[in-house]
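Contents: one structure, followed by commentary.
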Amino acid sequence: MPIRPLPPELINQIAAGEVIERPASVVKELVENSIDAGARRIEVDIEQGGSRLIRVRDDGGGIPRDELALAVASHATSKIGSFDDLERVASMGFRGEALASVSSVARFALTSRSTGEDAAWRIEVDGGRLQEARPAQHPPGTTIEVRDLFYNVPARRKFLRAERTEFAHIDDLLKSLALAREGVDIRLSHNGKPVRLLKPARDEHAALARVAEVLGPEFPGQSLRVDHEAAGLRLSGWVGLPTASRSQADQQYFYVNGRLVRDRIVAHAVRQAYADVLFHGRHPVFVLFLTLDPVGVDVNVHPAKSEVRFREQRLIHDFLFRTLHEALAQTRAGVAAAAGEGSVAMVGTVGSGFVQPGFTATQSSAPPMAAWPQAGSQSRLTLGVRDEPLAGYATLFGSTASAPRPSTSWTPPADNEPESGGDVPPLGYAIAQLKNIYVLAENEHGMVLVDMHAAHERITYEKLKNGRVTANLRSQMLLVPLSIAVSAREAAAAEEHADALGEWGLELSRSGPSGVVVRRIPSLLEGADVAQLTRDVLGELAQHGSSRRLEELENELLSTMACHGSVRAGRRLGIPEMNALLREMEATERSGQCNHGRPTWVQLSLGELDRLFLRGR
Ligand SMILES: Nc1ncnc2c1ncn2[C@@H]1O[C@H](COP(=O)(O)OP(=O)(O)O)[C@@H](O)[C@H]1O
Ligand SMILES: [Mg+2]
């Protein structure tokens with residue numbers, strides 16, 4: 001066959017192959033056009049999962065009669081006119097290809113009345129042929145109808161899935177668009193029945209209600225609000241608490257200048273920010289909006305525009321990581337609801353005195369939606385304990401098995417009652433220990449249950465990390481150096497990383513082909529099984545050490561150490577020890593969940609207890 005230029009219709013069909021994969025892709029292109037046209041209200045009507053009809057109606061700016069034919073021509077757009085415009089594009093569309101593509105693979109009709117014109121016009125495209133414009137009835141705005149999608153592309157039509165599946169894709173797509181356009185009224189119907197009605201949100205609470213429509217009614221009570229601005233970047237939205245993580249990454253929405261994207265840099269920064277508080281293999285829930293100068297991000301990377309390229313990748317990564325890391329640090333016990341299996345109430349919020357200016361991360365208000373408090377009306381609990389010298393909880397769990405007295409700096413109140421006039425601390429005062437595993441405490445709201453091993457493990461871990469950062473991790477000489485037999489690889493790892501381990505307070509050296517000698521351990525870990533601890537740390541180093549940098553491993557290693565140094569479930573505690581643990585939890589960042597993302601405590605409010613006993617019915 002000689003070389004020939006392709007007919008325009010075929011060019012459009014080829015282009016359609018890239019972006020029009022299924023009915024939901026048509027809905028995406030049409031609704032994004034409505035958004036670009038400034039619509040305040042968008043109605044989407046679907047029949048038979050979109051394979052029979054997709055109709056999108058908006059009240060946007062419309063298209064003037066003399067531009068109707070251009071709207072469906074390929075490479076024709078009103079959104080950019082030069083390379084310069086492309087560099088700073090702020091609209092969803094800019095390729096001028098969508099309508100040309102869609103109209104080449106379906107029976108297509110466009111009716112529009114442009115603002116300022118007193119009549120509406122309609123054009124139809126059938127089998128790629130554009131019909132003459134005809135007068136029509138239509139309020140200001142645009143309606144596009146797409147019938148019999150892929151009627152002329154049998155290969156594609158064959159790949160359409162069940163009606164229900166295709167409709168679910170459309171619903172998902174619309175939800176993701178709706179999250180980013182909280183001010184737009186969006187309605188969806190299927191086969192004549194209304195399915196989704198997303199009312200415009202005028203304030204933050206309405207916005208959160210809309211988010212709850214998409215992510216479920218529990219989300220507001222299990223998330224933190226994020227809003228941080230620096231260096232021309234702004235990150236806002238909501239991040240799910242670690243304890244509300246999921247087994248799949250199916251509720252993760254990240255928008256760059258209002259566009260939902262999947263990005264490696266972003267994914268990595270988020271993963272790192274959660275690394276410390278999430279169980280391996282769990283996925284956080286989030287809705288996050290990154291806003292930056294359009295010049296700083298290239299959106300012309302992928303035909304479906306689902307990818308972007310940041311000009312300053314490092315800066316973006318660090319900004320995201322820092323902001324989220326800081327937000328998640330607030331998941332200290334007593335601050336956020338620990339979402340266990342059963343029903344769990346919330347304690348309230350604590351002022352975030354230690355975060356940088358311009359940063360807010362507050363506990364989102366609790367369901368039910370009607371009861372969401374107004375901004376600023378959330379109960380504030382004073383964390384008086386934070387200013388007081390803390391009882392050194394770790395020292396309470398020294399090498400001796402008997403319960404020592406708490407240090408003098410903290411005195412438990414007599415018979416457990418709150419000091420007269422003083423505030424009850426968020427986690428309250430200990431009452432008893434249950435099965436030597438759980439601590440029972442009473443606070444203002446009712447009963448608090450604490451998993452003592454999980455809680456102490458987190459506290460020790462945070463201390464080890466802080467000690468490392470501030471380089472004042474005290475270590476303690478062993479009376480008799482301890483020789484331990486290890487594998488050759490572990491001995492090699494000990495030799496290789498001796499300096500770094502020494503910085504963490506674990507001082508050891510290789511003593512032969514398969515032996516090490518431990519001389520010092522971190523004071524915090526006093527009482528731990530040193531041989532086992534050392535084997536575990538070296539085992540981890542030997543396993544990952546060569547392929548992963550030590551800094552990357554650091555938190556895992558510290559976490560291993562923390563586990564060994566923590567009070568075991570099954571140990572009997574005295575009331576003062578239990579109270580000391582509660583106070584330390586309140587003062588420790590991220591103490592709301594253990595190192596694996598499981599909750600360390602739950603609150604059972606009086607109301608919930610009453611319900612258990614059918615009181616007040
Ligand atoms: N719903 C709408 N309201 C107003 N104008 C529209 C609408 N849909 C499409 N248009 C016009 O048609 C043009 C072509 O649309 P499209 O093929 O999606 O390309 P792009 O969105 O990349 O510009 C747009 O630039 C816009 O001017
Ligand atoms: Mg478009």
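For the structure tokens, the naming scheme is as follows: chains receive sequential letters (A, B, ...) according to their order of presentation, residues are indexed from 1 within each chain, and ligands are indexed from 1 in presentation order.
Considering only C-alpha atoms and all ligand atoms, the residues that reside within 6 Å of ligand 1 can be listed as A:Asn33, A:Ser34, A:Ala37, A:Gly60, A:Gly61, A:Gly62, A:Ile63, A:Ala71, A:Thr77, A:Ser78, A:Lys79, A:Gly93, A:Phe94, A:Arg95, A:Gly96, A:Glu97, A:Ala98, A:Leu99, A:Ala100, A:Thr142.
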- Task: Show which residues sit within 12 Å of Gln251 in chain A, as a list in words. Count only C-alpha atoms, and ignore same-chain residues fewer than 3 positions away.
- Result: Asp172, Lys175, Ser176, Leu179, Val211, Ala212, Val214, Leu215, Gly216, Phe219, Trp238, Val239, Gly240, Ala244, Ser245, Arg246, Ser247, Gln248, Phe254, Arg282, His283, Pro284, Val285, Phe286, Val287 and Leu288 of chain A
Generate the output file for the selected residues, N, CA, C and O atoms, as a tab-separated table (two decimals), in the first residue's frame.
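Result file follows (result.tsv):
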```
chain	number	residue	atom	x	y	z
A	172	ASP	N	-18.15	6.37	40.07
A	172	ASP	CA	-16.85	6.63	40.70
A	172	ASP	C	-16.19	7.88	40.11
A	172	ASP	O	-15.63	8.71	40.82
A	175	LYS	N	-17.90	10.99	41.28
A	175	LYS	CA	-17.58	11.27	42.67
A	175	LYS	C	-16.21	11.94	42.77
A	175	LYS	O	-16.03	12.90	43.51
A	176	SER	N	-15.27	11.42	41.99
A	176	SER	CA	-13.92	12.00	42.08
A	176	SER	C	-13.91	13.44	41.53
A	176	SER	O	-13.19	14.29	42.04
A	179	LEU	N	-15.55	15.75	44.28
A	179	LEU	CA	-14.74	16.07	45.44
A	179	LEU	C	-13.96	17.36	45.22
A	179	LEU	O	-13.77	18.15	46.13
A	211	VAL	N	-17.81	15.26	51.17
A	211	VAL	CA	-16.76	14.24	51.19
A	211	VAL	C	-17.32	12.94	51.78
A	211	VAL	O	-17.04	11.84	51.30
A	212	ALA	N	-18.15	13.09	52.81
A	212	ALA	CA	-18.73	11.90	53.46
A	212	ALA	C	-19.67	11.16	52.50
A	212	ALA	O	-19.79	9.94	52.58
A	214	VAL	N	-19.10	10.71	49.50
A	214	VAL	CA	-18.23	9.92	48.63
A	214	VAL	C	-17.48	8.84	49.41
A	214	VAL	O	-17.41	7.69	48.98
A	215	LEU	N	-16.94	9.21	50.58
A	215	LEU	CA	-16.08	8.26	51.30
A	215	LEU	C	-16.79	7.51	52.41
A	215	LEU	O	-16.19	6.68	53.07
A	216	GLY	N	-18.05	7.83	52.62
A	216	GLY	CA	-18.78	7.12	53.66
A	216	GLY	C	-18.96	7.97	54.90
A	216	GLY	O	-18.12	8.82	55.19
A	219	PHE	N	-16.16	8.68	57.62
A	219	PHE	CA	-14.92	9.40	57.31
A	219	PHE	C	-14.70	10.66	58.16
A	219	PHE	O	-13.61	10.84	58.71
A	238	TRP	N	-8.31	16.31	53.69
A	238	TRP	CA	-8.49	15.46	54.86
A	238	TRP	C	-7.67	14.20	54.71
A	238	TRP	O	-7.63	13.60	53.63
A	239	VAL	N	-7.04	13.79	55.80
A	239	VAL	CA	-6.35	12.49	55.78
A	239	VAL	C	-6.99	11.58	56.81
A	239	VAL	O	-7.32	12.01	57.92
A	240	GLY	N	-7.18	10.34	56.45
A	240	GLY	CA	-7.79	9.37	57.35
A	240	GLY	C	-6.84	9.02	58.47
A	240	GLY	O	-5.62	8.98	58.27
A	244	ALA	N	-8.02	3.99	60.67
A	244	ALA	CA	-9.12	3.82	59.73
A	244	ALA	C	-8.58	3.45	58.34
A	244	ALA	O	-9.18	3.78	57.33
A	245	SER	N	-7.45	2.77	58.33
A	245	SER	CA	-6.84	2.42	57.04
A	245	SER	C	-7.62	1.28	56.40
A	245	SER	O	-8.48	0.66	57.01
A	246	ARG	N	-7.29	1.00	55.14
A	246	ARG	CA	-8.03	-0.02	54.40
A	246	ARG	C	-7.08	-1.07	53.83
A	246	ARG	O	-5.88	-0.84	53.70
A	247	SER	N	-7.65	-2.18	53.43
A	247	SER	CA	-6.79	-3.22	52.86
A	247	SER	C	-6.47	-2.94	51.40
A	247	SER	O	-5.60	-3.56	50.81
A	248	GLN	N	-7.20	-1.99	50.82
A	248	GLN	CA	-6.92	-1.62	49.42
A	248	GLN	C	-6.73	-0.11	49.32
A	248	GLN	O	-7.29	0.64	50.10
A	254	PHE	N	-6.01	12.34	45.18
A	254	PHE	CA	-5.02	13.41	45.22
A	254	PHE	C	-5.19	14.29	43.99
A	254	PHE	O	-5.14	13.80	42.85
A	282	ARG	N	-1.35	-2.02	54.77
A	282	ARG	CA	-2.59	-1.26	54.91
A	282	ARG	C	-2.48	0.03	54.10
A	282	ARG	O	-1.38	0.51	53.85
A	283	HIS	N	-3.63	0.57	53.69
A	283	HIS	CA	-3.60	1.76	52.85
A	283	HIS	C	-4.42	2.89	53.48
A	283	HIS	O	-5.55	2.67	53.87
A	284	PRO	N	-3.83	4.07	53.56
A	284	PRO	CA	-4.57	5.17	54.16
A	284	PRO	C	-5.67	5.69	53.22
A	284	PRO	O	-5.64	5.45	52.02
A	285	VAL	N	-6.62	6.39	53.80
A	285	VAL	CA	-7.67	7.06	53.05
A	285	VAL	C	-7.34	8.54	53.04
A	285	VAL	O	-6.92	9.08	54.07
A	286	PHE	N	-7.45	9.20	51.90
A	286	PHE	CA	-7.23	10.65	51.91
A	286	PHE	C	-7.88	11.35	50.72
A	286	PHE	O	-8.12	10.74	49.68
A	287	VAL	N	-8.20	12.60	50.97
A	287	VAL	CA	-8.65	13.51	49.91
A	287	VAL	C	-7.78	14.74	50.06
A	287	VAL	O	-7.90	15.47	51.04
A	288	LEU	N	-6.87	14.94	49.14
A	288	LEU	CA	-5.91	16.02	49.29
A	288	LEU	C	-5.84	16.87	48.02
A	288	LEU	O	-5.89	16.35	46.90
```
- Which is closer to ligand 2 than all the others in A:Ser104, A:Ala304, A:Gly50, A:Asp250, using only C-alpha atoms and all ligand atoms?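 Smallest separation from ligand 2 among the options: A:Ala304.
CA of Val184 in chain A sits 28.2 Å away from CA of Asp66 in chain A.
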- Near-Ser236 in chain A list (8 Å; only C-alpha atoms; drop same-chain fewer than 2 positions) as a PyMOL selection string: chain A and resi 225-228+234+238+288-290
